[in-house]
Amino acid sequence: MSKKDLKTKAGGEKEKLEKDKRSKTLQMFSVASVIILIVIVLFVNIIFDVIIGDKLTFDFSATGQNSISQVTEDYLDSLPADTHVRIVGLMDRPVNLKDSPYEYIVPLLDDYQAKSNGKITVEYVNPETYPSIINELDPDSMYDLNANTYVVNCNGRSSVISPIDCFSYDQEYLSYGQYLPTGNLVESTFTNAIVNLTRGFTSKAYFVTGLNNTDEHKMLSNILSGLGIDSDDLVSSDSFAIPGDCDLLIVAGINTDISESMQVAMIDYLNEGGKMIVAVDYYTNATETYPRLNAVLDFMGLAVDSKVIYENDPNYVLSQENFESIGVILADTTPVRIQYARPVTVNSMHSYVLPQGIIATSDKATTVYYDEETGKMMTFANESQYYVGAYSTYDGMAEPPEMYVFGTTNFTSDGYIGSYGYNDPNAVYIKGVIRDLVAADDTVFVDSKPLANYSIDTTKVTSSSVTTMTFVLMVIIPLAFVITGTIVYRKRKNL
Amino acid sequence: MFAVYKREFFSYFRSPVGYIALALFSFLSGLLFINQFGSGAISISSEIISLRSFFVVIIPVITMGLFAEDKKRGTEILFYTNPLSLFDVVLGKFFAALSLLGVMFLNVIVHMIITAVNKGVVDIGTWGSVIVYFFLAILFIAIGIFASALTDSQIISAILSFIIILIIQLISTISTLASSSVSSFLSGKMFSMDAEKVSKAVEKVSNGIKWLDPFAKTQDFRYGIFSVAPLVFCLSGALIFLYLTYRVLEKKRWAQN
């Protein structure tokens with residue numbers, strides 16, 4: 001090999017080494033620049049997410065569906081700085097919110113947390129993966145906590161909120177059982193729970209029990225609790241007495257008449273300006289006529305009949321077989337659902353007693369009774385409008401007694417409220433009744449928010465318009481693109 | 001950059017690809033719209049959200065040829081010889097693909113008009129969904145372009161971007177699977193951790209994975225809640241993939257093989 005060749009080879013190797021070096025430098029630069037960019041991007045995202053993310057979030061929704069209102073904000077501000085309200089969703093944090101009740105709950109709860117200055121924390125704990133959460137929130141097993149509900153906990157007390165109860169519904173009675181959510185009560189429900197837990201109860205209600213009661217009135221207790229009213233049982237006994245702190249006495253779902261001592265105690269209670277709710281139906285004890293209970297009701301110019309209402313107007317009938325029909329609240333014509341209802345009669349012997357019907361059937365209803373001898377339902381030819389609910393009070397008294405009587409347990413029973421929820425018109429009505437009797441403190445009142453309604457003018461959704469639209473949008477337009485593409489392809493394929 | 005943009009955008013309409021993508025999008029959006037129209041209630045934001053799930057097919061179709069085709073034909077040499085910077089080339093192609101998606105979106109605009117004419121609601125949530133749609137498109141198109149720059153085969157490019165976009169769409173599912181795996185691993189015999197610690201570890205893993213989910217981050221827009229952070233996330237994600245694309249192209253200048 002000549003000197004020249006050796007020199008050339010050495011030069012080539014040097015050049016190659018330089019190239020390798022340059023290449024490695026550029027590779028290093030390339031990798032380093034990508035890593036630096038990723039680090040910067042992560043840093044920027046963390047800053048936006050954690051530090052300034054909330055400040056750069058804006059609720060432009062028409063009714064502020066996902067933001068707490070000023071009323072709630074003001075109440076949270078008024079709470080002492082050391083207040084700690086814990087909202088626990090007994091579930092994994094919902095991810096796919098679309099078309100689920102959580103789409104209005106999850107963002108709003110995040111807003112509670114963001115705007116409470118640390119007074120409210122929101123967390124999601126699935127009791128299946130972390131079972132001890134149930135015991136942690138409810139060590140005395142008082143609240144019957146279940147998965148997929150929210151628990152609002154403060155000062156060792158809890159309030160349980162089910163997502164389905166956070167909405168109001170428009171019930172289409174004609175297509176039985178169909179509900180359409182129309183109102184968002186998420187903020188109202190959670191704020192009420194927070195108010196009750198942080199303020200404590202302001203009144204006390206007693207349930208009369210021990211008379212073969214149909215249920216344990218858990219649902220009605222929850223309603224009372226939501227209104228800031230504590231509740232307790234008052235068991236039937238020979239020494240029955242109504243406690244002095246009783247703001248409301250509830251006789252609901254009993255199947256045996258009250259005792260004589262109870263009759264006396266109740267009349268005394270009413271004499272002292274007591275407030276009562278009475279609800280009995282026909283279903284569980286058709287032969288009971290409640291003479292002593294009627295004696296108490298008579299004190300208010302009211303009575304419950306011993307027969308059952310049979311609705312004949314097809315616009316009111318839900319199920320004739322089950323004696324289920326619509327009653328109408330006379331004050332605002334709101335329909336409510338009644339079942340196995342006894343008529344409530346209004347008959348005052350004194351001018352100072354002011355009884356009045358509040359819920360009525362159609363004017364084509366009749367009454368029936370069960371004949372034990374023949375085992376058949378006996379119908380009367382007594383077509384008329386019947387009261388299913390009535391109210392009475394005394395005139396001219398500073399603290400008058402007040403009483404609401406229902407011939408059905410559809411306003412008070414666990415069975416009904418459990419099936420139809422707290423936003424059912426019946427439950428809403430009983431809430432109003434309780435507020436009326438106990439004057440529950442409603443200073444922190446959050447209104448329902450209307451949900452978006454995406455309905456279009458249905459008169460334009462005819463079968464021909466749907467067919468035309470389908471043809472244009474799904475056939476004509478796509479086909480036009482395909483044909484144009486084919487023409488372009490054919491013209492240009494040889495270019 | 002504009003020259004590259006113009007060339008790429010019009011090239012969609014010089015081959016059947018653009019028309020097929022348009023036809024496919026028109027059909028799918030029409031199907032979603034008609035289903036709602038027939039029921040008497042139209043939520044355009046629901047339609048847009050459903051259309052987002054078709055990104056996994058549409059984005060690979062419109063991005064697969066952006067670099068792969070040039071590589072196959074050998075015309076990529078022009079990127080290195082013309083006075084444009086490589087980043088301008090990447091941006092030009094990126095905006096061309098985004099514009100095509102914008103043209104496709106005209107279908108939804110037509111649906112909005114039909115909805116308004118029929119006294120339906122086109123609310124703030126709808127516009128929130130539109131914003132999210134385009135920001136997610138920006139992220140996914142950047143991914144598609146990156147996939148296209150990695151290979152000279154359009155099919156491989158499409159498959160690559162399909163897989164990446166699919167993984168992103170399945171992040172919430174992946175998070176759930178990862179959580180249960182971590183949970184069973186930590187509570188197994190090897191670690192025997194107590195339930196509380198396991199739960200916290202699982203939550204951290206789950207939240208860590210979910211943090212990468214652009215769909216979860218942007219879901220509040222449809223309710224009218226606009227937030228800057230998710231948009232920054234999409235833009236910065238797109239920036240990373242566009243820069244990676246640039247680096248892949250730049251590599252050719254100095255790589256030995």
# chains A, B, ... in the order shown; residues from 1 in each chain; ligands from 1

$ residues_around --residues "Ile159 of chain B" --least-positions-apart "6" --cutoff "12 Å" --atoms "only C-alpha atoms" --output "list in words"
Val56, Val57, Ile58, Ile59, Pro60, Val61, Thr63, Met64, Ile143, Gly144, Ala147, Ser148, Leu150, Thr151, Ser153, Ile165 and Leu166 of chain B

$ write_last_selection --atoms "N, CA, C and O atoms" --output "short mmCIF file (atom, residue, chain, number, x, y, z; two decimals), in the first residue's frame"
data_model
loop_
_atom_site.label_atom_id
_atom_site.label_comp_id
_atom_site.auth_asym_id
_atom_site.auth_seq_id
_atom_site.Cartn_x
_atom_site.Cartn_y
_atom_site.Cartn_z
N VAL B 56 -60.67 7.37 16.20
CA VAL B 56 -59.78 6.22 16.12
C VAL B 56 -59.71 5.66 14.69
O VAL B 56 -58.73 5.03 14.31
N VAL B 57 -60.73 5.91 13.90
CA VAL B 57 -60.73 5.45 12.50
C VAL B 57 -60.41 6.62 11.56
O VAL B 57 -59.59 6.47 10.63
N ILE B 58 -61.04 7.75 11.81
CA ILE B 58 -60.93 8.87 10.87
C ILE B 58 -59.52 9.49 10.86
O ILE B 58 -58.96 9.74 9.80
N ILE B 59 -58.95 9.69 12.03
CA ILE B 59 -57.63 10.35 12.09
C ILE B 59 -56.56 9.51 11.37
O ILE B 59 -55.81 10.06 10.56
N PRO B 60 -56.47 8.20 11.63
CA PRO B 60 -55.47 7.42 10.87
C PRO B 60 -55.67 7.52 9.36
O PRO B 60 -54.69 7.60 8.61
N VAL B 61 -56.94 7.56 8.92
CA VAL B 61 -57.19 7.63 7.47
C VAL B 61 -56.65 8.94 6.89
O VAL B 61 -56.03 8.94 5.81
N THR B 63 -54.35 10.98 8.18
CA THR B 63 -52.93 11.31 8.44
C THR B 63 -51.95 10.27 7.92
O THR B 63 -50.75 10.55 7.85
N MET B 64 -52.45 9.11 7.55
CA MET B 64 -51.53 8.00 7.24
C MET B 64 -50.58 8.33 6.09
O MET B 64 -49.44 7.87 6.06
N ILE B 143 -50.58 12.96 16.74
CA ILE B 143 -50.18 11.55 16.91
C ILE B 143 -50.14 10.85 15.56
O ILE B 143 -49.20 10.11 15.24
N GLY B 144 -51.16 11.11 14.74
CA GLY B 144 -51.23 10.50 13.40
C GLY B 144 -50.04 10.91 12.54
O GLY B 144 -49.46 10.08 11.83
N ALA B 147 -46.96 9.09 13.66
CA ALA B 147 -46.97 7.70 13.17
C ALA B 147 -46.61 7.64 11.70
O ALA B 147 -45.89 6.74 11.25
N SER B 148 -47.08 8.63 10.95
CA SER B 148 -46.81 8.65 9.51
C SER B 148 -45.32 8.91 9.23
O SER B 148 -44.78 8.41 8.24
N LEU B 150 -42.88 7.83 10.97
CA LEU B 150 -42.04 6.72 11.41
C LEU B 150 -41.82 5.66 10.33
O LEU B 150 -40.91 4.86 10.43
N THR B 151 -42.68 5.63 9.34
CA THR B 151 -42.64 4.53 8.38
C THR B 151 -42.93 5.03 6.96
O THR B 151 -43.46 6.13 6.77
N SER B 153 -44.78 3.05 5.05
CA SER B 153 -45.99 2.31 4.68
C SER B 153 -47.22 3.00 5.29
O SER B 153 -47.29 3.18 6.50
N ILE B 165 -54.18 5.96 19.45
CA ILE B 165 -55.45 6.66 19.76
C ILE B 165 -56.38 5.74 20.55
O ILE B 165 -57.05 6.17 21.49
N LEU B 166 -56.39 4.46 20.17
CA LEU B 166 -57.25 3.50 20.88
C LEU B 166 -56.83 3.40 22.35
O LEU B 166 -57.69 3.38 23.25
#

$ closest_atom_pairs --of "chain A" --to "chain B" --cutoff "7 Å" --atoms "only C-alpha atoms" --output "JSON lines"
{"residue": "A:Ser23", "atom": "CA", "partner": "B:Trp254", "partner_atom": "CA", "distance": 5.5}
{"residue": "A:Ser30", "atom": "CA", "partner": "B:Arg247", "partner_atom": "CA", "distance": 6.6}
{"residue": "A:Ile38", "atom": "CA", "partner": "B:Ile240", "partner_atom": "CA", "distance": 6.8}
{"residue": "A:Val41", "atom": "CA", "partner": "B:Ser236", "partner_atom": "CA", "distance": 6.0}
{"residue": "A:Asn45", "atom": "CA", "partner": "B:Phe233", "partner_atom": "CA", "distance": 6.1}
{"residue": "A:Phe48", "atom": "CA", "partner": "B:Ala229", "partner_atom": "CA", "distance": 5.2}
{"residue": "A:Asp49", "atom": "CA", "partner": "B:Ala229", "partner_atom": "CA", "distance": 5.7}
{"residue": "A:Gly53", "atom": "CA", "partner": "B:Ala229", "partner_atom": "CA", "distance": 5.6}
{"residue": "A:Leu56", "atom": "CA", "partner": "B:Val228", "partner_atom": "CA", "distance": 5.7}
{"residue": "A:Thr57", "atom": "CA", "partner": "B:Ser227", "partner_atom": "CA", "distance": 4.1}
{"residue": "A:Phe58", "atom": "CA", "partner": "B:Phe226", "partner_atom": "CA", "distance": 5.1}
{"residue": "A:Asp59", "atom": "CA", "partner": "B:Ile225", "partner_atom": "CA", "distance": 4.3}
{"residue": "A:Phe60", "atom": "CA", "partner": "B:Gly224", "partner_atom": "CA", "distance": 5.0}
{"residue": "A:Ser61", "atom": "CA", "partner": "B:Gly224", "partner_atom": "CA", "distance": 4.3}
{"residue": "A:Val95", "atom": "CA", "partner": "B:Ala216", "partner_atom": "CA", "distance": 6.8}
{"residue": "A:Thr129", "atom": "CA", "partner": "B:Ser199", "partner_atom": "CA", "distance": 6.8}
{"residue": "A:Tyr130", "atom": "CA", "partner": "B:Ala195", "partner_atom": "CA", "distance": 6.4}
{"residue": "A:Tyr454", "atom": "CA", "partner": "B:Ala41", "partner_atom": "CA", "distance": 5.0}
{"residue": "A:Ser455", "atom": "CA", "partner": "B:Ala41", "partner_atom": "CA", "distance": 3.9}
{"residue": "A:Ile456", "atom": "CA", "partner": "B:Gly120", "partner_atom": "CA", "distance": 4.4}
{"residue": "A:Asp457", "atom": "CA", "partner": "B:Asn118", "partner_atom": "CA", "distance": 5.5}
{"residue": "A:Thr458", "atom": "CA", "partner": "B:Gly40", "partner_atom": "CA", "distance": 5.7}
{"residue": "A:Val461", "atom": "CA", "partner": "B:Gly40", "partner_atom": "CA", "distance": 6.4}
{"residue": "A:Val466", "atom": "CA", "partner": "B:Gly38", "partner_atom": "CA", "distance": 6.2}
{"residue": "A:Thr470", "atom": "CA", "partner": "B:Ile34", "partner_atom": "CA", "distance": 6.2}
{"residue": "A:Leu473", "atom": "CA", "partner": "B:Gly30", "partner_atom": "CA", "distance": 5.1}
{"residue": "A:Met474", "atom": "CA", "partner": "B:Phe27", "partner_atom": "CA", "distance": 4.9}
{"residue": "A:Ile477", "atom": "CA", "partner": "B:Ser26", "partner_atom": "CA", "distance": 6.8}
{"residue": "A:Pro478", "atom": "CA", "partner": "B:Ala23", "partner_atom": "CA", "distance": 4.1}
{"residue": "A:Leu479", "atom": "CA", "partner": "B:Ala23", "partner_atom": "CA", "distance": 6.8}
{"residue": "A:Phe481", "atom": "CA", "partner": "B:Tyr19", "partner_atom": "CA", "distance": 5.2}
{"residue": "A:Val482", "atom": "CA", "partner": "B:Ile20", "partner_atom": "CA", "distance": 6.1}
{"residue": "A:Gly485", "atom": "CA", "partner": "B:Pro16", "partner_atom": "CA", "distance": 4.6}
{"residue": "A:Thr486", "atom": "CA", "partner": "B:Pro16", "partner_atom": "CA", "distance": 6.6}
{"residue": "A:Val488", "atom": "CA", "partner": "B:Arg14", "partner_atom": "CA", "distance": 6.4}
{"residue": "A:Tyr489", "atom": "CA", "partner": "B:Ser15", "partner_atom": "CA", "distance": 5.9}

$ write_last_selection --atoms "N, CA, C and O atoms" --output "tab-separated table (two decimals), in the first residue's frame"
chain	number	residue	atom	x	y	z
A	23	SER	N	-22.51	12.79	14.78
A	23	SER	CA	-23.79	12.09	14.82
A	23	SER	C	-24.23	11.83	16.26
A	23	SER	O	-25.39	12.01	16.62
A	30	SER	N	-30.74	15.61	20.25
A	30	SER	CA	-32.12	15.27	19.89
A	30	SER	C	-32.86	14.66	21.07
A	30	SER	O	-33.96	15.09	21.43
A	38	ILE	N	-40.56	17.36	27.18
A	38	ILE	CA	-41.56	16.60	27.95
A	38	ILE	C	-41.61	17.10	29.40
A	38	ILE	O	-42.69	17.27	29.98
A	41	VAL	N	-43.39	20.41	29.46
A	41	VAL	CA	-44.82	20.21	29.23
A	41	VAL	C	-45.49	19.67	30.49
A	41	VAL	O	-46.57	20.13	30.90
A	45	ASN	N	-48.31	21.59	32.67
A	45	ASN	CA	-49.62	20.95	32.90
A	45	ASN	C	-49.93	20.82	34.39
A	45	ASN	O	-51.07	21.01	34.80
A	48	PHE	N	-50.96	24.19	35.64
A	48	PHE	CA	-52.34	24.51	35.21
A	48	PHE	C	-53.35	23.65	35.96
A	48	PHE	O	-54.42	24.11	36.31
A	49	ASP	N	-53.00	22.39	36.18
A	49	ASP	CA	-53.94	21.46	36.78
A	49	ASP	C	-54.12	21.73	38.27
A	49	ASP	O	-55.24	21.77	38.77
A	53	GLY	N	-55.50	25.91	37.86
A	53	GLY	CA	-56.59	25.29	37.09
A	53	GLY	C	-57.96	25.79	37.49
A	53	GLY	O	-58.78	26.15	36.64
A	56	LEU	N	-58.92	29.25	36.41
A	56	LEU	CA	-59.18	29.38	34.98
A	56	LEU	C	-60.28	28.42	34.53
A	56	LEU	O	-60.26	27.88	33.44
A	57	THR	N	-61.23	28.19	35.42
A	57	THR	CA	-62.40	27.37	35.08
A	57	THR	C	-63.63	28.27	35.18
A	57	THR	O	-63.80	28.97	36.17
A	58	PHE	N	-64.45	28.24	34.14
A	58	PHE	CA	-65.58	29.16	34.10
A	58	PHE	C	-66.87	28.39	33.82
A	58	PHE	O	-66.91	27.56	32.91
A	59	ASP	N	-67.89	28.66	34.61
A	59	ASP	CA	-69.18	28.01	34.39
A	59	ASP	C	-70.06	28.95	33.56
A	59	ASP	O	-70.58	29.94	34.06
A	60	PHE	N	-70.22	28.60	32.30
A	60	PHE	CA	-71.05	29.41	31.41
A	60	PHE	C	-72.45	28.80	31.23
A	60	PHE	O	-73.22	29.27	30.41
A	61	SER	N	-72.72	27.70	31.95
A	61	SER	CA	-74.01	27.04	31.75
A	61	SER	C	-75.14	27.99	32.14
A	61	SER	O	-75.00	28.79	33.08
A	95	VAL	N	-66.77	8.11	36.16
A	95	VAL	CA	-65.99	8.66	35.05
A	95	VAL	C	-66.90	8.96	33.86
A	95	VAL	O	-66.91	10.06	33.33
A	129	THR	N	-64.05	-2.11	47.90
A	129	THR	CA	-62.60	-2.23	48.02
A	129	THR	C	-62.11	-1.73	49.38
A	129	THR	O	-61.01	-2.03	49.78
A	130	TYR	N	-62.94	-0.96	50.07
A	130	TYR	CA	-62.54	-0.39	51.35
A	130	TYR	C	-63.73	-0.50	52.31
A	130	TYR	O	-64.37	0.50	52.64
A	454	TYR	N	-83.88	19.31	25.38
A	454	TYR	CA	-83.42	19.28	23.99
A	454	TYR	C	-84.54	18.92	23.01
A	454	TYR	O	-84.27	18.58	21.87
A	455	SER	N	-85.77	19.00	23.48
A	455	SER	CA	-86.88	18.64	22.59
A	455	SER	C	-86.99	19.65	21.45
A	455	SER	O	-86.77	20.84	21.63
A	456	ILE	N	-87.33	19.13	20.30
A	456	ILE	CA	-87.58	20.01	19.16
A	456	ILE	C	-89.09	20.08	18.92
A	456	ILE	O	-89.86	19.41	19.62
A	457	ASP	N	-89.46	20.88	17.97
A	457	ASP	CA	-90.88	21.01	17.64
A	457	ASP	C	-91.36	19.67	17.07
A	457	ASP	O	-91.07	19.32	15.92
A	458	THR	N	-92.06	18.91	17.91
A	458	THR	CA	-92.40	17.54	17.51
A	458	THR	C	-93.40	17.47	16.36
A	458	THR	O	-93.55	16.43	15.74
A	461	VAL	N	-91.57	16.37	13.40
A	461	VAL	CA	-90.96	15.04	13.34
A	461	VAL	C	-91.98	14.04	12.80
A	461	VAL	O	-92.42	13.13	13.49
A	466	VAL	N	-88.66	12.51	8.66
A	466	VAL	CA	-87.54	11.65	9.10
A	466	VAL	C	-86.97	10.91	7.90
A	466	VAL	O	-85.75	10.81	7.73
A	470	THR	N	-83.27	11.36	6.54
A	470	THR	CA	-82.40	10.18	6.46
A	470	THR	C	-81.81	10.06	5.07
A	470	THR	O	-80.60	9.83	4.89
A	473	LEU	N	-79.26	13.14	4.49
A	473	LEU	CA	-78.06	13.18	5.33
A	473	LEU	C	-77.25	11.89	5.28
A	473	LEU	O	-76.03	11.91	5.43
A	474	MET	N	-77.93	10.77	5.09
A	474	MET	CA	-77.20	9.51	5.16
A	474	MET	C	-76.98	8.84	3.81
A	474	MET	O	-76.21	7.88	3.70
A	477	ILE	N	-75.77	12.93	0.62
A	477	ILE	CA	-74.50	13.64	0.88
A	477	ILE	C	-73.31	12.67	0.84
A	477	ILE	O	-72.35	12.92	0.10
A	478	PRO	N	-73.34	11.54	1.58
A	478	PRO	CA	-72.19	10.62	1.49
A	478	PRO	C	-71.96	10.11	0.08
A	478	PRO	O	-70.83	10.03	-0.40
A	479	LEU	N	-73.08	9.82	-0.62
A	479	LEU	CA	-72.95	9.29	-1.99
A	479	LEU	C	-72.32	10.33	-2.92
A	479	LEU	O	-71.50	10.00	-3.79
A	481	PHE	N	-70.14	12.54	-2.14
A	481	PHE	CA	-68.68	12.53	-1.91
A	481	PHE	C	-68.04	11.31	-2.56
A	481	PHE	O	-66.96	11.41	-3.16
A	482	VAL	N	-68.68	10.16	-2.44
A	482	VAL	CA	-68.11	8.94	-3.02
A	482	VAL	C	-68.02	9.08	-4.54
A	482	VAL	O	-66.99	8.76	-5.16
A	485	GLY	N	-65.30	11.49	-5.46
A	485	GLY	CA	-64.01	10.83	-5.26
A	485	GLY	C	-63.69	9.88	-6.39
A	485	GLY	O	-62.56	9.82	-6.88
A	486	THR	N	-64.70	9.14	-6.84
A	486	THR	CA	-64.50	8.18	-7.92
A	486	THR	C	-64.13	8.90	-9.22
A	486	THR	O	-63.21	8.48	-9.95
A	488	VAL	N	-62.76	11.89	-9.52
A	488	VAL	CA	-61.41	12.45	-9.38
A	488	VAL	C	-60.38	11.35	-9.59
A	488	VAL	O	-59.38	11.53	-10.30
A	489	TYR	N	-60.63	10.19	-8.97
A	489	TYR	CA	-59.68	9.08	-9.08
A	489	TYR	C	-59.52	8.64	-10.53
A	489	TYR	O	-58.41	8.44	-11.03

$ residues_around --residues "Glu69 of chain B" --least-positions-apart "5" --cutoff "12 Å" --atoms "only C-alpha atoms" --output "VMD selection string"
chain B and resid 8 11 62 to 64 74 to 76 145 148 to 158

$ residues_around --residues "segment 154-163 of chain A" --least-positions-apart "6" --cutoff "10 Å" --atoms "only C-alpha atoms" --output "MDAnalysis selection string"
chainID A and resid 83:89 100:102 104:105 120 136:139 142:148 185:186 189:190 192:194 196:198 200 222 225:226 421:422

$ residues_around --residues "Ala96 of chain B" --least-positions-apart "5" --cutoff "8 Å" --atoms "only C-alpha atoms" --output "ChimeraX atom specification"
/B:5-6,8-9

$ write_last_selection --atoms "N, CA, C and O atoms" --output "PDB file, in the first residue's frame"
ATOM      1  N   TYR B   5     -48.960  23.674   3.350  1.00  0.00           N
ATOM      2  CA  TYR B   5     -50.350  23.532   3.778  1.00  0.00           C
ATOM      3  C   TYR B   5     -51.270  23.421   2.556  1.00  0.00           C
ATOM      4  O   TYR B   5     -52.108  22.516   2.471  1.00  0.00           O
ATOM      5  N   LYS B   6     -51.051  24.367   1.614  1.00  0.00           N
ATOM      6  CA  LYS B   6     -51.912  24.412   0.423  1.00  0.00           C
ATOM      7  C   LYS B   6     -51.788  23.111  -0.379  1.00  0.00           C
ATOM      8  O   LYS B   6     -52.781  22.506  -0.772  1.00  0.00           O
ATOM      9  N   GLU B   8     -50.780  20.158   0.639  1.00  0.00           N
ATOM     10  CA  GLU B   8     -51.320  18.984   1.329  1.00  0.00           C
ATOM     11  C   GLU B   8     -52.848  19.020   1.386  1.00  0.00           C
ATOM     12  O   GLU B   8     -53.500  18.002   1.199  1.00  0.00           O
ATOM     13  N   PHE B   9     -53.387  20.195   1.655  1.00  0.00           N
ATOM     14  CA  PHE B   9     -54.842  20.287   1.789  1.00  0.00           C
ATOM     15  C   PHE B   9     -55.520  19.924   0.466  1.00  0.00           C
ATOM     16  O   PHE B   9     -56.467  19.127   0.443  1.00  0.00           O
TER      17      PHE B   9
END

$ select_by_dssp --residues "segment 147-321 of chain A" --states "helix (DSSP H, G or I)" --output "MDAnalysis selection string"
chainID A and resid 163:166 186:199 218:226 260:271 291:298

$ select_by_dssp --residues "segment 37-104 of chain A" --states "strand (DSSP E or B)" --output "PyMOL selection string"
chain A and resi 57-59+85-89

$ residues_around --residues "segment 273-286 of chain A" --least-positions-apart "2" --cutoff "9 Å" --atoms "only C-alpha atoms" --output "ChimeraX atom specification"
/A:214,246-256,266-271,288-289,297,304,306-308,339-342,369-370,389,397-412,433-434,437-438

$ residues_around --residues "segment 76-79 of chain A" --least-positions-apart "5" --cutoff "10 Å" --atoms "only C-alpha atoms" --output "PyMOL selection string"
chain A and resi 70-71+84+112+115-117+119-120+191+194-195+198-199

$ write_last_selection --atoms "C-alpha atoms" --output "PDB file, in the first residue's frame"
ATOM      1  CA  GLN A  70     -74.591  32.496  46.095  1.00  0.00           C
ATOM      2  CA  VAL A  71     -76.992  31.273  48.818  1.00  0.00           C
ATOM      3  CA  HIS A  84     -65.298  20.130  58.476  1.00  0.00           C
ATOM      4  CA  TYR A 112     -68.522  22.727  46.803  1.00  0.00           C
ATOM      5  CA  LYS A 115     -65.410  27.183  47.103  1.00  0.00           C
ATOM      6  CA  SER A 116     -65.610  26.105  50.746  1.00  0.00           C
ATOM      7  CA  ASN A 117     -62.140  27.218  51.841  1.00  0.00           C
ATOM      8  CA  LYS A 119     -64.627  23.392  55.110  1.00  0.00           C
ATOM      9  CA  ILE A 120     -65.936  20.732  52.756  1.00  0.00           C
ATOM     10  CA  THR A 191     -76.982  22.253  50.939  1.00  0.00           C
ATOM     11  CA  ILE A 194     -75.080  20.492  55.222  1.00  0.00           C
ATOM     12  CA  VAL A 195     -77.333  23.067  56.907  1.00  0.00           C
ATOM     13  CA  THR A 198     -74.034  22.031  60.913  1.00  0.00           C
ATOM     14  CA  ARG A 199     -76.957  23.842  62.569  1.00  0.00           C
TER      15      ARG A 199
END
